[in-house]
2 protein chains.
Amino acid sequence: MSWLVLILLIALGGIIWFIMRQRSKEPTLSANLEQDVDSFLNEAGQMVEPAIKELLSVHAGRKFPEAMLYQIDTGGKRLRPALVFLSCRAVGGQDQAALYAAAAVEILHNYSLIIDDMIDHGQVRRGLPTTWKKWGHSMAQCFGVHYAAAIFEGALKTPAPLKATSILTETLQVLLEGEMLDILQERAGRETEALVVQRRYRRVSMNDYLEMASKKTAKLLAASCQLGAVCAHASEAEQQALIEYGYNLGMAFQVRDDILDMFGEEKGFGKKIGKDIEERKGGNAVILFALEELKDLELDRILHQGDLGEADIKRAIEIISQTEAREKAIKLCRDYTDRAKNALKGLPAGPDRDLLVDLVDYLMTRHK
Amino acid sequence: MSWLVLILLIALGGIIWFIMRQRSKEPTLSANLEQDVDSFLNEAGQMVEPAIKELLSVHAGRKFPEAMLYQIDTGGKRLRPALVFLSCRAVGGQDQAALYAAAAVEILHNYSLIIDDMIDHGQVRRGLPTTWKKWGHSMAQCFGVHYAAAIFEGALKTPAPLKATSILTETLQVLLEGEMLDILQERAGRETEALVVQRRYRRVSMNDYLEMASKKTAKLLAASCQLGAVCAHASEAEQQALIEYGYNLGMAFQVRDDILDMFGEEKGFGKKIGKDIEERKGGNAVILFALEELKDLELDRILHQGDLGEADIKRAIEIISQTEAREKAIKLCRDYTDRAKNALKGLPAGPDRDLLVDLVDYLMTRHK
């Protein structure tokens, strides 16, 4: 009898090992599914565009339309509007009902990018010069205010203006808190800024990172899904399911971004590879896993250096490559995508819910 | 008969001359009236303070309260909240109804100051280091976003949340347009910013200036008055009367600010005297009147100089002092204050309306 138990245990161990191994591998995607999601993202992008332009073209927006619309015209996947539309559809709403909420979240996202690029002195985004780099700091500041106002102009045009305003206000505040945490989790830099130097995290734990990611990234994706549901006058339970979906998708998305920052291809990614190392970010899942695993302190030393050259960044990525950090990050990503998909079980089955599931896999195989 | 007409004409001319002379003199204020307005401004300031703190203390605001509240704590007259309360009272509303609208406009005002000081590299405001100077640029950017969100958090807590959101959104957009015009009306500077250099006004006319002042300053004062009326569920006519009052008060306020910038006392004013000259602003009523009157081009040359020293600023003020620019600006101010007072005729008579009238005179004799 005991040899039977032994064989079963060995078989079970093998299965677990196989699953774990699969889970730490990059997911792949069927061509069909990729096409479905691609065409939906395109559709969502085309639907939302006129509403975005409308909201950004009042008052000051009329002055230099090419400059004012530049940030939004640099592109991006329009993922957040797509989430609004799809969430609205998944609970039985019409696209038209979700239109201005979709526009508002994309404007909010781009507002945060204008500010983020000024804070990080980022010169390139989506393969193009950033807004401040292109138009100068004074105008970028002004454009930021214009985008901020346009968010709420959009909220007012939704079928649930009060609830939408409330969600967007809170989202903006949480996102900003995430941005502050991101800055405070840097290992060095901003030496002239007393408050940052003083309040910087001495050590960034995985929990600190997760708090930052949830506020800086996941909150807006959760809010996008919630807004879609709200515009369709969904039930509280449906709203909660979509919030949970969006939140977990957002967490996975951030971890995936951390992986691409280190191991992506610059051309497809649109950002500089190793940018997080250059900015000496403690708040990157791959860096955190690597630091946890490493016994020698070379990586830590590089991240605390005053000025980083290309050779340092290359060396840091090399060190990280020798650890299991990448696999661990992929696994963390997968945990979140599982939770995202599970959350959808509370919604009515159908092609819209299926597309929400597919979107998860699609985003996890993206290279940009 | 003809000598009688002549005498009458001479007498009439004398009266007109006397009135014109009076109108170009600085107004004075009785001690009683000053005390009344002072004590009302104090009262309004104390009423609004807890609501402001509440709106700025959610989420990220809890992190570094001393830094996050710094901008609002640098003081200021709390003129805009006072206008909200007083407008609300003047149409029969209770202070409580106006509370969050009062907080929102003050936060909006301070949001614009955070951004304005970054744009102008201003180091001192209200006699204290500006927010970016004190806490660093990254944090000032974050605080800006937090203030922007708090405005709409406030709007939601008013008795007319949709209307309030709509007024505040529009105000923010118009104010930002005014800020852009202000930048584009500078005579020199920002040489690294292509868009500014390219689109800068070649010549600033009085109309250009008035457009800028109406958007940058008058709009927010008009909106404050309108919000007070809206919170009291005032009639459309009452709202219009208060908007017109606020608008004209705002225009007078800006012209007065232009005068103080040149001829104020640094200690009381809290800003650097000659700051507008240092920033080579075309958008200053006194500078515009002086340029109009002067035949030689020395002032124009100074305003187009690459870098201005203290001697240049002093010389510019000296040149301006030799013209009638100051008197003309005082007269322009008076025209606007007359219109502001006239607008109030549409409101029910009473102590609140009287206080609105007194506030005009009070502001026009301020030295800070």
# chains A, B, ... in the order shown; residues from 1 in each chain; ligands from 1
>>> closest_atom_pairs(of="chain B", to="chain A", cutoff="9 Å", atoms="only C-alpha atoms", output="tab-separated table")
residue	atom	partner	partner_atom	distance
B:Val58	CA	A:Gln173	CA	8.0
B:His59	CA	A:Val174	CA	6.2
B:Ala60	CA	A:Glu177	CA	4.7
B:Gly61	CA	A:Glu177	CA	8.3
B:Lys63	CA	A:Glu177	CA	8.6
B:Ala67	CA	A:Leu195	CA	8.5
B:Ser112	CA	A:Val145	CA	8.7
B:Ile115	CA	A:Gln141	CA	6.9
B:Asp116	CA	A:Gln141	CA	8.7
B:Met118	CA	A:Ser138	CA	8.1
B:Ile119	CA	A:Ser138	CA	5.1
B:Asp120	CA	A:Ser138	CA	8.1
B:Lys133	CA	A:Glu193	CA	9.0
B:Lys134	CA	A:Ala194	CA	8.3
B:Trp135	CA	A:Leu195	CA	5.8
B:Gly136	CA	A:Glu193	CA	4.6
B:His137	CA	A:Ile119	CA	7.3
B:Ser138	CA	A:Ile119	CA	5.1
B:Met139	CA	A:Met180	CA	7.4
B:Gln141	CA	A:Ile115	CA	6.9
B:Cys142	CA	A:Leu176	CA	6.2
B:Phe143	CA	A:Leu176	CA	8.3
B:Val145	CA	A:Leu176	CA	6.7
B:His146	CA	A:Gln173	CA	5.8
B:Tyr147	CA	A:Gln173	CA	9.0
B:Ala148	CA	A:Ala148	CA	7.1
B:Ala149	CA	A:Thr169	CA	5.3
B:Ala150	CA	A:Thr169	CA	7.4
B:Ile151	CA	A:Thr169	CA	8.9
B:Phe152	CA	A:Thr169	CA	6.6
B:Glu153	CA	A:Thr169	CA	6.3
B:Leu156	CA	A:Leu162	CA	7.3
B:Pro161	CA	A:Leu162	CA	7.4
B:Leu162	CA	A:Leu162	CA	6.9
B:Thr165	CA	A:Phe152	CA	7.5
B:Ser166	CA	A:Glu153	CA	7.1
B:Leu168	CA	A:Ala149	CA	8.4
B:Thr169	CA	A:Ala149	CA	5.2
B:Glu170	CA	A:Ala149	CA	7.6
B:Thr171	CA	A:Ala149	CA	8.9
B:Leu172	CA	A:Ala149	CA	6.3
B:Gln173	CA	A:His146	CA	5.8
B:Val174	CA	A:His59	CA	6.2
B:Leu175	CA	A:Ala60	CA	9.0
B:Leu176	CA	A:Cys142	CA	6.2
B:Glu177	CA	A:Ala60	CA	4.6
B:Gly178	CA	A:Ala60	CA	8.3
B:Glu179	CA	A:Cys142	CA	7.5
B:Met180	CA	A:Cys142	CA	6.8
B:Ile183	CA	A:Ser138	CA	8.1
B:Arg190	CA	A:Ser138	CA	8.5
B:Thr192	CA	A:Gly136	CA	7.2
B:Glu193	CA	A:Gly136	CA	4.6
B:Ala194	CA	A:Trp135	CA	6.5
B:Leu195	CA	A:Trp135	CA	5.8
B:Val196	CA	A:Met139	CA	7.7
>>> residues_around(residues="A:Pro351", least_positions_apart="3", cutoff="12 Å", atoms="only C-alpha atoms", output="list of chain:residue names")
A:Asp36, A:Val37, A:Phe40, A:Leu86, A:Ser87, A:Arg89, A:Ala90, A:Val91, A:Gly92, A:Leu347, A:Pro348, A:Asp354, A:Leu355, A:Leu356, A:Val357, A:Asp358
>>> write_last_selection(atoms="N, CA and C atoms", output="PDB file, in the first residue's frame")
ATOM      1  N   ASP A  36      -9.275  39.527 -32.170  1.00  0.00           N
ATOM      2  CA  ASP A  36     -10.518  39.974 -31.532  1.00  0.00           C
ATOM      3  C   ASP A  36     -10.264  41.182 -30.636  1.00  0.00           C
ATOM      4  N   VAL A  37      -9.278  41.035 -29.751  1.00  0.00           N
ATOM      5  CA  VAL A  37      -9.021  42.122 -28.808  1.00  0.00           C
ATOM      6  C   VAL A  37      -8.513  43.349 -29.540  1.00  0.00           C
ATOM      7  N   PHE A  40     -11.326  45.121 -31.086  1.00  0.00           N
ATOM      8  CA  PHE A  40     -12.140  45.836 -30.096  1.00  0.00           C
ATOM      9  C   PHE A  40     -11.442  47.099 -29.603  1.00  0.00           C
ATOM     10  N   LEU A  86     -16.343  48.230 -22.322  1.00  0.00           N
ATOM     11  CA  LEU A  86     -16.571  46.799 -22.181  1.00  0.00           C
ATOM     12  C   LEU A  86     -17.293  46.478 -20.869  1.00  0.00           C
ATOM     13  N   SER A  87     -16.951  47.194 -19.815  1.00  0.00           N
ATOM     14  CA  SER A  87     -17.641  46.989 -18.534  1.00  0.00           C
ATOM     15  C   SER A  87     -19.101  47.381 -18.657  1.00  0.00           C
ATOM     16  N   ARG A  89     -20.894  47.393 -21.427  1.00  0.00           N
ATOM     17  CA  ARG A  89     -21.551  46.344 -22.217  1.00  0.00           C
ATOM     18  C   ARG A  89     -21.802  45.087 -21.385  1.00  0.00           C
ATOM     19  N   ALA A  90     -20.824  44.711 -20.575  1.00  0.00           N
ATOM     20  CA  ALA A  90     -20.907  43.442 -19.841  1.00  0.00           C
ATOM     21  C   ALA A  90     -22.072  43.410 -18.860  1.00  0.00           C
ATOM     22  N   VAL A  91     -22.567  44.590 -18.463  1.00  0.00           N
ATOM     23  CA  VAL A  91     -23.723  44.617 -17.568  1.00  0.00           C
ATOM     24  C   VAL A  91     -24.950  45.149 -18.298  1.00  0.00           C
ATOM     25  N   GLY A  92     -24.905  45.082 -19.638  1.00  0.00           N
ATOM     26  CA  GLY A  92     -26.101  45.376 -20.411  1.00  0.00           C
ATOM     27  C   GLY A  92     -26.267  46.809 -20.871  1.00  0.00           C
ATOM     28  N   LEU A 347     -20.541  38.172 -13.161  1.00  0.00           N
ATOM     29  CA  LEU A 347     -21.243  38.883 -14.237  1.00  0.00           C
ATOM     30  C   LEU A 347     -21.981  37.907 -15.146  1.00  0.00           C
ATOM     31  N   PRO A 348     -23.015  38.396 -15.836  1.00  0.00           N
ATOM     32  CA  PRO A 348     -23.722  37.532 -16.785  1.00  0.00           C
ATOM     33  C   PRO A 348     -22.767  37.019 -17.865  1.00  0.00           C
ATOM     34  N   ASP A 354     -16.550  37.433 -22.065  1.00  0.00           N
ATOM     35  CA  ASP A 354     -15.445  36.685 -22.670  1.00  0.00           C
ATOM     36  C   ASP A 354     -14.332  37.621 -23.136  1.00  0.00           C
ATOM     37  N   LEU A 355     -14.747  38.735 -23.698  1.00  0.00           N
ATOM     38  CA  LEU A 355     -13.747  39.680 -24.205  1.00  0.00           C
ATOM     39  C   LEU A 355     -12.940  40.281 -23.045  1.00  0.00           C
ATOM     40  N   LEU A 356     -13.605  40.483 -21.903  1.00  0.00           N
ATOM     41  CA  LEU A 356     -12.885  40.971 -20.713  1.00  0.00           C
ATOM     42  C   LEU A 356     -11.820  39.952 -20.300  1.00  0.00           C
ATOM     43  N   VAL A 357     -12.179  38.663 -20.382  1.00  0.00           N
ATOM     44  CA  VAL A 357     -11.205  37.605 -20.069  1.00  0.00           C
ATOM     45  C   VAL A 357     -10.052  37.644 -21.067  1.00  0.00           C
ATOM     46  N   ASP A 358     -10.397  37.732 -22.342  1.00  0.00           N
ATOM     47  CA  ASP A 358      -9.364  37.740 -23.384  1.00  0.00           C
ATOM     48  C   ASP A 358      -8.430  38.938 -23.238  1.00  0.00           C
TER      49      ASP A 358
END
>>> closest_residue(among="A:Ala98, A:Arg256, A:Met251, A:Phe263", to="A:Arg339", atoms="only C-alpha atoms")
A:Met251
>>> atom_distance(atom1="atom CA of A:Asp335", atom2="atom CA of A:Ala252")
8.0 Å
>>> select_by_dssp(residues="stretch 129-350 of chain B", states="helix (DSSP H, G or I)", output="ChimeraX atom specification")
/B:131-135,137-156,161-184,194-199,206-231,236-263,266-269,275-278,285-293,298-303,310-321,325-346
>>> residues_around(residues="B:Leu291", least_positions_apart="2", cutoff="10 Å", atoms="only C-alpha atoms", output="ChimeraX atom specification")
/B:282,285-289,293-300,319-320,323,325
>>> select_by_dssp(residues="stretch 118-223 of chain B", states="strand (DSSP E)", output="ChimeraX atom specification")
/B:124-125,128-129
>>> atom_distance(atom1="atom CA of A:Ala222", atom2="atom CA of A:Thr337")
13.6 Å
